[in-house]
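Here is the structure we will look at, set down as structure tokens.
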Amino acid sequence: MRLNDFQHARQEEFSAFARFEVAPFAADWDRDERIPDSVIEKLARSGYLGCVIPGEFGGPGWDLVTFGLLNEALGRFCPSLTDVLTVQTMVSAALLKWGSAEQKCTWLRPLAEGRITASFALTEPSAGSAIQSISANLASGSNGFVLNGTKKWISWAQFADVFLVFAKLGERSVACLVPRDSAGLSIEPIRNLMGFRAAGLAELHFENVGIPAANIVGKPGFAFSHVAQHGLHFARLSTACSALGLLRGCFEESASYAASRRIDGAAAGDLGMIRTLIARMGTDLSAAHALCHEACRSAEERLPQAIEAVLVAKYFASRAAVRAASDAVQIHGAAGCHGSAAVSRYYRDAKILEIIEGTTQVHEDILGRIFVDRAAACPRPTQPDADEHDRPTAGTRSASRLRDDRSLQPDGSAVSG
Amino acid sequence: MRVNDLDPSAEKQAIRHFILSSVALAQLDDDADLFEAGIVNSLFAVQLLTFVEKTFAIEVGMDDLDIDNFKSVNATAAFVQRRVGRAAA
């Protein structure tokens, strides 16, 4: 991967930050289920919380390759901390793209400077990846709108100052900004998670919360298909690079352990079975690195294929992180099963990476459909059945599209997250 | 590809080509409603929007969020022409 001078300098800076400000404390944060305010303040002072926000709104406006390097560096030691950056970026990016001029002026500078943190409230107790099932309801009120409903598994919701909440306005999807101090909003922390224990997850209860019309983001009817999708695009990129960092952590811890651990007088790394596990890990690391960099680069260039590249990177890197974490514990043996071992935490955190921002299965469904549709659009000339005349025209839908009518709506359900 | 300087039919052709390279259709009527006919899903709608922004060097914002702007090849091309014309004015 070729980095420019700026990116290379930032990479060294992020690595030092992670090594000195994150690595020594990540186990404590995991045990305490909380990231200290002082750490969030350091992220803010370093410009990390608003790193993708452009200068006109007070951010450094870093490119997305640099954004990926930051996520990788933090994910190397603590994916919970990366998750804070993920949700801050999701809300910031959604506002940058679909926010009104007034919303940008009001919210982006505090977000960029890290004076406030944000959370992306999409999922509900009965609506995870299938966001069409969301039941949170926005209704017209005397001074704008009234919000009722419950959101669950919301990262950083225990501490965020503002929430981007997704709901239904009649049959249309809608997104709205809800400040933490809104009357009728109650926040219930979710404790004892398997992984991401320090990411401040919570359940949000909205009971007749007043929402001014000025807080609606985007236009009703486009919240799921455009506002949420835009945020999720950044979330998947962030999560993919965080998974890459965790994969690197598993590889480095395992290789180091295999080199130093003696078994019957020989290094563990001399055993073929250990070398096999580390070889798989190292190869996955190289592949994930290439995919994540390509995803960041194409997203930075705003190429139409970036959406697919980000999906592929998140899908591959999160699964590879789970495999690597499992093998890292295996290599460490009993020592890896103790809470004091970093790899035991990596093992718990890795599984979360495979679930958030669209599960592995959701990614398979979306990517499988993309690949099959593309093959149907560009049939190989050697295939006798793939004659142009056999392909449908606009009035005749292809078989693959007939399989899922719900996904065809403008505000459709083919959304991972 | 940058087609700002080309005639309107070039814009239409670029949009049509982009859609046909991704969906299983041999032909596409320029007036066919992409949503009504089930030609695009929400993910592709975002890809189309990204393509329009990148190819024609325009920024699609909140005020442009109208299904009528992207419902067909002709509608999308007309939207692009309006935006490019506005930028040039």
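Just so we're on the same page: first chain in the structure tokens is A, next is B, and so on; residues restart at 1 for each chain, and ligands are numbered from 1 in the order they show up.
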
inquiry  = Can you tell me, as a ChimeraX atom specification, which residues in region 113-336 of chain A count as alpha helix (DSSP H) by DSSP?
reply    = /A:113,229-260,272-300,306-332

Using 8 Å as the limit and counting only C-alpha atoms, can you tabulate each residue of chain B that touches chain A, with its shortest atom-to-atom distance in Å and the two atoms involved, as a Markdown table?
```
| residue | atom | partner | partner_atom | distance |
| --- | --- | --- | --- | --- |
| B:Leu20 | CA | A:Ala377 | CA | 6.6 |
| B:Ser21 | CA | A:Ala377 | CA | 5.9 |
| B:Ser22 | CA | A:Arg374 | CA | 5.2 |
| B:Val23 | CA | A:Ala377 | CA | 5.2 |
| B:Ala24 | CA | A:Ala377 | CA | 4.2 |
| B:Leu25 | CA | A:Thr393 | CA | 5.1 |
| B:Ala26 | CA | A:Arg391 | CA | 5.3 |
| B:Gln27 | CA | A:Thr393 | CA | 4.9 |
| B:Leu28 | CA | A:Ala394 | CA | 5.1 |
| B:Asp29 | CA | A:Ala394 | CA | 6.4 |
| B:Ala32 | CA | A:Ala394 | CA | 6.6 |
| B:Phe35 | CA | A:Gln409 | CA | 6.2 |
| B:Glu36 | CA | A:Gln409 | CA | 7.8 |
| B:Ala37 | CA | A:Gly395 | CA | 6.4 |
| B:Gly38 | CA | A:Leu408 | CA | 5.2 |
| B:Ile39 | CA | A:Ala394 | CA | 7.2 |
| B:Val40 | CA | A:Leu408 | CA | 6.0 |
| B:Asn41 | CA | A:Leu408 | CA | 4.4 |
| B:Ser42 | CA | A:Ser225 | CA | 5.4 |
| B:Leu43 | CA | A:Ala414 | CA | 6.7 |
| B:Ala45 | CA | A:Pro410 | CA | 7.6 |
| B:Val46 | CA | A:His226 | CA | 6.7 |
| B:Gln47 | CA | A:Pro304 | CA | 5.0 |
| B:Leu48 | CA | A:Pro304 | CA | 7.1 |
| B:Thr50 | CA | A:Pro304 | CA | 5.3 |
| B:Phe51 | CA | A:Pro304 | CA | 5.1 |
| B:Lys54 | CA | A:Arg302 | CA | 6.6 |
| B:Gly61 | CA | A:Trp98 | CA | 5.9 |
| B:Met62 | CA | A:Trp98 | CA | 4.9 |
| B:Leu65 | CA | A:Lys219 | CA | 6.7 |
| B:Ile67 | CA | A:Pro410 | CA | 7.8 |
```

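Look at Ala183 (chain A): the protein and nucleic acid residues within 10 Å of it, using only C-alpha atoms and passing over chain neighbours fewer than 3 places away, are Pro179, Arg180, Ser186, Phe206, Glu207, Asn208, Val209 and Gly210 of chain A.
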
At a cut-off of 7 Å, using only C-alpha atoms, what residues contact Ala175 (chain A)? Leave out same-chain residues fewer than 2 positions from it and give the result as a tab-separated table (two decimals) with C-alpha atoms, in the first residue's frame.
```tsv
chain	number	residue	atom	x	y	z
A	164	LEU	CA	-29.67	10.66	15.06
A	165	VAL	CA	-32.89	8.67	15.41
A	166	PHE	CA	-34.67	6.76	12.63
A	167	ALA	CA	-38.43	6.33	12.74
A	216	ILE	CA	-35.59	16.47	10.60
A	217	VAL	CA	-32.56	15.32	8.57
A	223	ALA	CA	-34.21	8.24	5.71
```

remark   = Taken to one decimal, the CA of Thr239 (chain A)-CA of Glu300 (chain A) distance is 16.1 Å

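Across the structure, CA of Val84 (chain A) and CA of Arg31 (chain A) are spaced 17.3 Å apart.
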
task = Mind checking which residues fall within 12 Å of Val91 (chain A), counting only C-alpha atoms, ignoring those fewer than 5 positions away in the same chain, and posting them as a PyMOL selection string?
result = chain A and resi 49-50+52-53+84-86+96-99+103-104+107-108+111-112+116-122+160-166+175-178+217+227-235

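Our summary of the geometry notes that CA of Asp37 (chain A) is positioned 29.3 Å from CA of Glu252 (chain A).
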
task = Could you give me, as a list in words, each residue of region 62-157 of chain A that DSSP assigns to strand (DSSP E or B) when run on this structure's backbone?
result = Ala118, Ser119, Phe120, Ala121, Glu124, Ala127, Asn137, Leu138, Ala139, Ser140, Gly141, Gly144, Phe145, Val146, Leu147, Asn148, Gly149, Thr150, Lys151, Lys152, Trp153 and Ile154 of chain A
